[in-house]
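Written below as structure tokens is the structure these notes are about.
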Amino acid sequence: MTLTLHILAGTLVLACGFGALFSAKGSPLHRNLGRIFTLAMLLTASSAIIMDINQGNWPVMGVFSGYLAISGWQTVRKPLGHTGWSDVVILVIGATLALGLITLGLEGVKPGKDIPSEMFLIFGTVASLAAMGDLRRLLRGGGHHAMRITRHLWRMCTALILSLMAFLAQPVFPEILRGGWLWLPVLALVLTTLYWMVRTLRGKPVS
């Protein structure tokens with residue numbers, strides 16, 4: 001049952017994530033796809049956490065992707081220039097997540113079978129950057145429009161990247177693709193995210 005929920009929710013994540021990515025930003029379609037993406041992401045993350053715990057693995061991907069999705073969604077839910085208790089909660093979660101991941105990485109703990117401990121350090125570094133962004137948002141009272149959109153953009157896209165990586169890591173693809181070609185969509189998504197972040201920070205509209 002948990003695996004079925006994970007697969008169904010993961011399919012929605014990818015479909016709605018790429019749909020929102022290529023729809024007009026701020027349009028009703030983009031917003032509706034974003035809502036479904038966030039809900040599906042939380043279901044995917046929750047089911048991943050349950051399965052990892054049952055298998056004796058550390059639920060890294062589930063916790064991290066869930067944090068990114070909920071904080072990215074929460075960013076555009078609040079009026080510009082407003083912060084509240086939810087921002088404090090997200091900061092605490094982000095800082096705790098960053099500290100925990102980096103500590104496990106430094107101690108050489110592996111998230112799961114055949115997964116290097118360096119994965120903790122990578123996710124911990126990204127989580128640290130996210131937590132610093134959470135703190136900056138609180139100190140600046142929400143920040144300006146470009147900062148708000150950039151925060152929303154990179155967190156949602158990173159959650160989508162993690163979901164795409166998890167999908168491509170499944171042993172269902174031909175061996176010839178596993179040498180590197182299979183990961184080109186991930187690289188393309190990373191470069192697209194960076195392009196839009198730079199564009200937004202320079203004050204140009206994202207469409």
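Ligands are numbered from 1 in the order shown, chains are lettered A, B, ... in the order of the structure tokens, and residues start at 1 in each chain.
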- prompt: Which residues come within 8 Å of Ala48 (chain A), counting only C-alpha atoms, excluding same-chain residues fewer than 4 positions away, as a ChimeraX atom specification?
  reply: /A:6,44,52,59,61-62
Writing out the chosen residues with N, CA, C and O atoms as a JSON list (two decimals), in the first residue's frame:
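Full text of selection20.json as output:
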[["chain", "number", "residue", "atom", "x", "y", "z"],
["A", 6, "HIS", "N", 3.35, 5.75, -2.96],
["A", 6, "HIS", "CA", 4.59, 6.44, -3.32],
["A", 6, "HIS", "C", 4.71, 6.58, -4.84],
["A", 6, "HIS", "O", 5.08, 7.66, -5.35],
["A", 44, "THR", "N", 4.63, 11.84, -1.34],
["A", 44, "THR", "CA", 5.79, 11.08, -1.78],
["A", 44, "THR", "C", 6.86, 11.04, -0.68],
["A", 44, "THR", "O", 7.45, 9.99, -0.40],
["A", 52, "ASP", "N", 11.84, 3.90, 3.99],
["A", 52, "ASP", "CA", 13.24, 3.91, 4.39],
["A", 52, "ASP", "C", 13.41, 3.40, 5.83],
["A", 52, "ASP", "O", 14.32, 2.63, 6.13],
["A", 59, "PRO", "N", 16.01, 8.21, 6.28],
["A", 59, "PRO", "CA", 15.04, 8.82, 5.35],
["A", 59, "PRO", "C", 15.48, 10.20, 4.86],
["A", 59, "PRO", "O", 14.77, 11.20, 5.05],
["A", 61, "MET", "N", 16.16, 11.54, 1.66],
["A", 61, "MET", "CA", 15.48, 12.15, 0.52],
["A", 61, "MET", "C", 14.08, 12.62, 0.90],
["A", 61, "MET", "O", 13.65, 13.70, 0.51],
["A", 62, "GLY", "N", 13.37, 11.79, 1.67],
["A", 62, "GLY", "CA", 12.00, 12.14, 2.03],
["A", 62, "GLY", "C", 11.92, 13.38, 2.89],
["A", 62, "GLY", "O", 11.15, 14.30, 2.62]]
Non-local contacts of region 116-121 of chain A (8 Å; only C-alpha atoms; under 4 positions in same chain excluded) as number ranges by chain: A: 60, 101-102, 104-106, 108-111, 125
Could the residues in this selection be written to a file with N, CA, C and O atoms, as an mmCIF file, in the first residue's frame?
data_model
loop_
_atom_site.group_PDB
_atom_site.id
_atom_site.type_symbol
_atom_site.label_atom_id
_atom_site.label_comp_id
_atom_site.auth_asym_id
_atom_site.auth_seq_id
_atom_site.Cartn_x
_atom_site.Cartn_y
_atom_site.Cartn_z
ATOM 1 N N VAL A 60 16.642 10.251 4.227
ATOM 2 C CA VAL A 60 17.219 11.541 3.838
ATOM 3 C C VAL A 60 16.394 12.245 2.766
ATOM 4 O O VAL A 60 15.991 13.395 2.909
ATOM 5 N N LEU A 101 22.370 16.360 9.045
ATOM 6 C CA LEU A 101 22.929 15.759 7.834
ATOM 7 C C LEU A 101 24.453 15.893 7.789
ATOM 8 O O LEU A 101 25.162 14.937 7.464
ATOM 9 N N ILE A 102 24.952 17.075 8.114
ATOM 10 C CA ILE A 102 26.396 17.297 8.087
ATOM 11 C C ILE A 102 27.094 16.451 9.154
ATOM 12 O O ILE A 102 28.161 15.870 8.914
ATOM 13 N N LEU A 104 26.102 13.535 10.388
ATOM 14 C CA LEU A 104 26.108 12.145 9.935
ATOM 15 C C LEU A 104 27.144 11.937 8.826
ATOM 16 O O LEU A 104 27.815 10.910 8.776
ATOM 17 N N GLY A 105 27.262 12.937 7.950
ATOM 18 C CA GLY A 105 28.234 12.840 6.875
ATOM 19 C C GLY A 105 29.661 12.832 7.383
ATOM 20 O O GLY A 105 30.500 12.052 6.921
ATOM 21 N N LEU A 106 29.956 13.676 8.344
ATOM 22 C CA LEU A 106 31.307 13.748 8.915
ATOM 23 C C LEU A 106 31.652 12.480 9.682
ATOM 24 O O LEU A 106 32.823 12.101 9.778
ATOM 25 N N GLY A 108 30.757 9.584 8.765
ATOM 26 C CA GLY A 108 30.878 8.488 7.814
ATOM 27 C C GLY A 108 29.689 7.551 7.759
ATOM 28 O O GLY A 108 29.799 6.428 7.277
ATOM 29 N N VAL A 109 28.534 8.022 8.224
ATOM 30 C CA VAL A 109 27.331 7.187 8.202
ATOM 31 C C VAL A 109 26.767 7.166 6.784
ATOM 32 O O VAL A 109 26.725 8.189 6.101
ATOM 33 N N LYS A 110 26.331 6.002 6.319
ATOM 34 C CA LYS A 110 25.744 5.876 4.993
ATOM 35 C C LYS A 110 24.218 5.945 5.088
ATOM 36 O O LYS A 110 23.626 5.310 5.960
ATOM 37 N N PRO A 111 23.570 6.707 4.184
ATOM 38 C CA PRO A 111 22.106 6.782 4.207
ATOM 39 C C PRO A 111 21.436 5.444 3.981
ATOM 40 O O PRO A 111 20.373 5.161 4.525
ATOM 41 N N THR A 125 24.897 20.487 2.997
ATOM 42 C CA THR A 125 25.345 21.790 2.496
ATOM 43 C C THR A 125 24.184 22.572 1.903
ATOM 44 O O THR A 125 24.015 23.776 2.172
#
query: Got a sec to tell me which of region 28-187 of chain A DSSP assigns to helix (DSSP H, G or I), as a PyMOL selection string?
result: chain A and resi 28-54+60-77+85-106+118-139+145-168+175-177+181-187
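Restricting the calculation to only C-alpha atoms, the smallest distance between Thr103 (chain A) and any of A:Ala69, A:Leu91, A:Gly124, A:Thr11 is found for A:Gly124.
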